[in-house]
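What follows is work_7.csv (CSV, C-alpha atoms).
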```csv
chain,number,residue,atom,x,y,z
A,1,MET,CA,71.6,-8.0,-76.8
A,2,LYS,CA,73.9,-5.3,-75.5
A,3,LYS,CA,74.3,-5.4,-71.7
A,4,TYR,CA,76.2,-2.2,-71.1
A,5,ILE,CA,75.9,1.4,-72.4
A,6,LEU,CA,78.8,3.8,-72.0
A,7,PHE,CA,77.5,7.3,-72.5
A,8,ASP,CA,79.5,10.3,-73.5
A,9,HIS,CA,78.3,13.3,-71.5
A,10,ASP,CA,78.5,16.8,-73.1
A,11,GLY,CA,76.1,16.9,-76.1
A,12,VAL,CA,74.6,13.5,-75.3
A,13,LEU,CA,73.1,13.8,-71.8
A,14,VAL,CA,73.3,17.6,-71.4
A,15,ASP,CA,73.4,20.3,-74.0
A,16,THR,CA,76.7,22.0,-73.2
A,17,GLU,CA,78.9,21.9,-76.3
A,18,PHE,CA,77.9,25.4,-77.5
A,19,TRP,CA,78.5,27.0,-74.1
A,20,TYR,CA,82.0,25.5,-73.8
A,21,PHE,CA,82.8,27.1,-77.2
A,22,GLN,CA,81.2,30.3,-76.3
A,23,SER,CA,83.2,30.6,-73.1
A,24,ALA,CA,86.5,30.0,-74.9
A,25,GLU,CA,85.4,32.5,-77.6
A,26,ARG,CA,84.6,35.2,-75.0
A,27,ALA,CA,87.8,34.6,-73.0
A,28,LEU,CA,90.0,34.8,-76.2
A,29,ALA,CA,88.2,37.9,-77.4
A,30,GLU,CA,89.2,39.6,-74.2
A,31,ALA,CA,92.8,38.8,-75.1
A,32,GLY,CA,92.4,40.3,-78.6
A,33,PHE,CA,91.9,37.0,-80.5
A,34,THR,CA,88.9,35.9,-82.6
A,35,LEU,CA,88.2,32.2,-82.3
A,36,ASP,CA,87.1,30.7,-85.6
A,37,LYS,CA,84.3,28.3,-84.9
A,38,ASP,CA,84.8,26.0,-88.0
A,39,GLN,CA,88.5,25.6,-87.2
A,40,TYR,CA,87.6,25.0,-83.5
A,41,LEU,CA,85.3,22.2,-84.5
A,42,ARG,CA,88.0,20.6,-86.7
A,43,ASP,CA,90.6,20.9,-84.0
A,44,MET,CA,88.2,19.4,-81.4
A,45,ALA,CA,87.3,16.5,-83.7
A,46,ARG,CA,91.0,15.6,-83.8
A,47,GLY,CA,91.3,15.8,-80.1
A,48,SER,CA,93.6,18.8,-80.4
A,49,GLY,CA,91.9,20.9,-77.7
A,50,SER,CA,90.5,24.4,-77.8
A,51,TRP,CA,93.7,26.4,-77.8
A,52,VAL,CA,95.3,25.4,-81.1
A,53,GLN,CA,94.4,28.6,-82.9
A,54,ALA,CA,95.5,30.7,-80.0
A,55,ARG,CA,98.9,29.1,-79.7
A,56,ALA,CA,99.3,29.3,-83.5
A,57,ALA,CA,98.7,33.1,-83.1
A,58,GLY,CA,101.4,33.3,-80.5
A,59,ILE,CA,99.2,33.3,-77.4
A,60,GLU,CA,100.9,31.3,-74.7
A,61,GLY,CA,102.4,31.3,-71.2
A,62,ARG,CA,100.8,33.6,-68.7
A,63,THR,CA,98.3,35.0,-71.2
A,64,LEU,CA,97.0,31.6,-72.1
A,65,SER,CA,96.8,30.7,-68.5
A,66,ARG,CA,94.6,33.8,-67.8
A,67,VAL,CA,92.5,33.0,-70.9
A,68,ARG,CA,92.0,29.4,-69.6
A,69,GLU,CA,91.0,30.6,-66.2
A,70,ALA,CA,88.5,33.1,-67.6
A,71,ARG,CA,87.1,30.4,-69.9
A,72,ASN,CA,86.6,28.0,-67.0
A,73,GLY,CA,84.8,30.7,-65.0
A,74,TYR,CA,82.5,31.7,-67.9
A,75,TYR,CA,81.7,28.1,-68.6
A,76,GLN,CA,80.8,27.3,-65.0
A,77,GLU,CA,78.6,30.4,-64.9
A,78,HIS,CA,76.7,29.1,-68.0
A,79,LEU,CA,76.4,25.6,-66.4
A,80,ARG,CA,74.7,27.2,-63.4
A,81,THR,CA,72.4,29.6,-65.4
A,82,GLU,CA,71.6,28.2,-68.8
A,83,ALA,CA,68.9,25.6,-69.8
A,84,ILE,CA,71.2,22.7,-70.7
A,85,GLU,CA,68.7,19.9,-70.3
A,86,ILE,CA,67.9,17.6,-73.2
A,87,ASP,CA,64.3,16.7,-73.5
A,88,GLY,CA,63.5,13.1,-72.7
A,89,VAL,CA,66.9,12.1,-71.3
A,90,VAL,CA,65.8,11.1,-67.8
A,91,ASP,CA,62.7,9.2,-69.0
A,92,THR,CA,64.9,7.3,-71.6
A,93,LEU,CA,67.5,6.4,-68.9
A,94,ALA,CA,64.8,5.2,-66.6
A,95,GLU,CA,63.4,2.9,-69.4
A,96,LEU,CA,66.8,1.6,-70.4
A,97,SER,CA,67.7,0.8,-66.8
A,98,ALA,CA,65.4,-2.2,-67.0
A,99,TYR,CA,67.5,-3.7,-69.8
A,100,VAL,CA,71.2,-2.6,-69.4
A,101,ARG,CA,73.7,-1.3,-67.0
A,102,MET,CA,75.0,2.2,-67.8
A,103,ALA,CA,77.9,4.5,-67.1
A,104,ILE,CA,79.3,7.9,-68.2
A,105,VAL,CA,82.7,8.3,-69.8
A,106,THR,CA,83.5,11.9,-70.3
A,107,THR,CA,86.2,14.4,-71.0
A,108,ALA,CA,84.5,16.8,-68.7
A,109,LYS,CA,86.5,17.9,-65.6
A,110,ARG,CA,85.2,16.7,-62.3
A,111,ALA,CA,84.4,20.3,-61.1
A,112,ASP,CA,82.3,21.0,-64.1
A,113,PHE,CA,80.6,17.6,-64.0
A,114,ASP,CA,79.6,18.1,-60.4
A,115,ILE,CA,78.1,21.5,-61.0
A,116,ILE,CA,76.0,20.1,-63.8
A,117,HIS,CA,74.6,17.3,-61.7
A,118,GLU,CA,74.0,19.2,-58.4
A,119,GLU,CA,70.2,19.2,-59.1
A,120,ARG,CA,69.7,16.8,-62.0
A,121,GLN,CA,68.5,13.2,-62.0
A,122,ILE,CA,70.9,11.5,-64.4
A,123,ARG,CA,73.5,10.1,-62.1
A,124,GLN,CA,71.1,7.8,-60.3
A,125,PHE,CA,70.9,5.6,-63.4
A,126,MET,CA,74.7,5.2,-63.7
A,127,ASP,CA,76.9,2.5,-62.2
A,128,PHE,CA,79.8,4.8,-62.3
A,129,VAL,CA,81.2,8.0,-63.9
A,130,ILE,CA,84.7,8.4,-65.4
A,131,VAL,CA,85.8,12.0,-65.7
A,132,ARG,CA,88.9,13.6,-67.3
A,133,GLU,CA,91.0,13.2,-64.1
A,134,ASP,CA,90.4,9.5,-64.1
A,135,TYR,CA,92.6,8.6,-67.1
A,136,GLU,CA,95.8,9.8,-68.8
A,137,LEU,CA,95.0,9.9,-72.5
A,138,ALA,CA,91.8,11.6,-73.7
A,139,LYS,CA,89.6,10.8,-76.6
A,140,PRO,CA,90.2,10.1,-79.5
A,141,HIS,CA,92.5,7.7,-77.7
A,142,PRO,CA,90.7,4.5,-76.7
A,143,GLU,CA,91.8,4.6,-73.0
A,144,PRO,CA,88.6,6.2,-71.6
A,145,TYR,CA,86.3,3.6,-73.1
A,146,LEU,CA,88.6,0.7,-72.4
A,147,ALA,CA,88.6,2.0,-68.8
A,148,GLY,CA,84.8,1.8,-68.9
A,149,LEU,CA,84.8,-1.7,-70.1
A,150,LYS,CA,87.2,-2.7,-67.4
A,151,ARG,CA,85.1,-1.2,-64.7
A,152,PHE,CA,82.1,-3.2,-65.9
A,153,GLY,CA,84.1,-6.3,-66.5
A,154,ALA,CA,82.5,-6.3,-70.0
A,155,ALA,CA,83.5,-7.7,-73.3
A,156,ARG,CA,83.6,-5.2,-76.3
A,157,GLU,CA,80.7,-6.9,-78.0
A,158,GLU,CA,78.5,-6.6,-75.0
A,159,ALA,CA,78.8,-2.8,-74.9
A,160,LEU,CA,77.5,0.2,-76.8
A,161,VAL,CA,79.0,3.7,-76.8
A,162,VAL,CA,76.8,6.7,-77.3
A,163,GLU,CA,78.6,9.8,-78.7
A,164,ASP,CA,77.9,13.0,-80.5
A,165,SER,CA,81.4,14.0,-81.8
A,166,ALA,CA,84.0,12.6,-84.2
A,167,ARG,CA,86.5,12.6,-81.4
A,168,GLY,CA,84.4,10.4,-79.2
A,169,LEU,CA,83.4,8.2,-82.1
A,170,ALA,CA,87.1,7.7,-82.9
A,171,SER,CA,87.8,6.7,-79.3
A,172,ALA,CA,85.0,4.1,-79.4
A,173,VAL,CA,86.2,2.7,-82.7
A,174,ALA,CA,89.7,2.5,-81.5
A,175,ALA,CA,88.4,0.6,-78.4
A,176,GLY,CA,86.6,-1.9,-80.7
A,177,ILE,CA,83.1,-0.9,-79.4
A,178,ASP,CA,80.0,-0.3,-81.4
A,179,CYS,CA,79.0,3.3,-81.3
A,180,ALA,CA,75.7,5.1,-81.8
A,181,VAL,CA,76.0,8.8,-82.7
A,182,VAL,CA,73.1,10.9,-81.5
A,183,HIS,CA,72.3,14.1,-83.4
A,184,ASN,CA,73.8,17.3,-81.9
A,185,GLU,CA,73.3,20.6,-83.8
A,186,PHE,CA,76.7,21.9,-82.7
A,187,THR,CA,78.7,18.8,-84.0
A,188,LYS,CA,76.4,17.7,-86.9
A,189,ASP,CA,79.0,18.4,-89.6
A,190,ASN,CA,81.6,16.1,-88.0
A,191,ASP,CA,82.5,12.9,-89.9
A,192,PHE,CA,80.5,10.1,-88.5
A,193,SER,CA,81.0,7.5,-91.3
A,194,GLN,CA,82.4,5.0,-88.9
A,195,ALA,CA,79.4,5.0,-86.6
A,196,SER,CA,77.5,1.7,-86.1
A,197,TYR,CA,74.3,3.7,-85.8
A,198,ARG,CA,73.0,7.2,-86.3
A,199,ILE,CA,70.1,8.3,-84.1
A,200,ASP,CA,68.1,11.5,-83.7
A,201,SER,CA,67.5,11.0,-79.9
A,202,LEU,CA,68.3,8.7,-77.1
A,203,SER,CA,64.8,7.2,-77.2
A,204,GLU,CA,66.0,5.1,-80.2
A,205,LEU,CA,68.6,3.2,-78.1
A,206,LYS,CA,66.1,0.7,-76.8
A,207,GLY,CA,65.5,-0.6,-80.3
A,208,ILE,CA,69.2,-0.8,-80.9
A,209,ILE,CA,70.0,-2.8,-77.8
A,210,GLN,CA,67.1,-5.2,-78.4
A,211,LEU,CA,68.2,-5.9,-82.0
A,212,SER,CA,71.9,-6.1,-81.4
```

Show me this structure written as structure tokens.
Amino acid sequence: MKKYILFDHDGVLVDTEFWYFQSAERALAEAGFTLDKDQYLRDMARGSGSWVQARAAGIEGRTLSRVREARNGYYQEHLRTEAIEIDGVVDTLAELSAYVRMAIVTTAKRADFDIIHEERQIRQFMDFVIVREDYELAKPHPEPYLAGLKRFGAAREEALVVEDSARGLASAVAAGIDCAVVHNEFTKDNDFSQASYRIDSLSELKGIIQLS
């Protein structure tokens, strides 16, 4: 039986993936560039970040800094105003807390994470949270999930990662940890062939940890 669950955050515990893309799309449009969604998803799956297309088009330096600042502002506005809850998450975490210890390992920046959780009930179930400022190499590198294992003092086989993106899955695989990929409409076309499990909702996790 698994003893620890390491959750990705965006797209797994809160529905934010689309709003991050939409914020970048809006900021780049103001700079005269049209962001291609399909290429954006391919770039993100490789861990290349959201500015690959812009740089290839010659947007850099001060212009890119302004675009990034605008993107961050739009995204935080969405986090404060949009309905980003995922049905059943809190109830599922409450149920899982009787069986496993849990933590969040995310590429979200601390400022964004804190805005999301100002009035939500997710953090109470987590032993700790690892955000982007807490590690050097981001997913798909294994460092974030290896840091999670280290914080728990857990062996790889005792843990389960829950992800929604190819980038996150690659990080878990590289760390040697079983990974359950939960359905997310925004990332559904990513390559998840290396996932240990595919699930439609977090409510299926109880069955996985009891069978593993």

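With only C-alpha atoms as the atoms that count, the residue of A:Tyr40, A:Tyr75, A:Tyr4, A:Phe113 with the shortest distance to Ala98 in chain A is A:Tyr4.
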
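In this model, the gap between CA of Ser97 in chain A and CA of Asp200 in chain A comes to 20.0 Å.
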
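By chain and then residue number, the residues within 8 Å of Thr63 in chain A are Ala31, Ile59 and Val67 of chain A, counting only C-alpha atoms and disregarding those fewer than 4 positions away in sequence.
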
Original post:
If we count only C-alpha atoms, what is near Leu6 in chain A at a cut-off of 8 Å, once residues fewer than 3 positions away on the same chain are taken out, given as a count of residues only?
Top reply: 10

**OP:** Find the distance between CA of Gly58 in chain A and CA of Arg71 in chain A and write it in Å to one decimal.
**Re:** 18.0 Å

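Of the listed residues A:Glu60, A:Glu119, A:Asp112, A:Asp191, the one whose atoms come nearest to Gly73 in chain A is A:Asp112, with distances taken using all atoms listed in the file.
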
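Interatomic distance, CA of Ala138 in chain A to CA of Ala45 in chain A: 12.0 Å.
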
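With only C-alpha atoms taken into account, the protein and nucleic acid residues at most 8 Å from Pro144 in chain A (excluding it and anything under 5 positions from it in its own chain) are Val105, Thr106, Ile130, Tyr135, Leu137, Ala138, Lys139 and Ser171 of chain A.
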
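Excluding Val181 in chain A and any residue on its chain fewer than 3 positions from it, the residues at most 7 Å away by all atoms listed in the file are Val162, Glu163, Asp164, Ala195, Tyr197, Arg198 and Ile199 of chain A.
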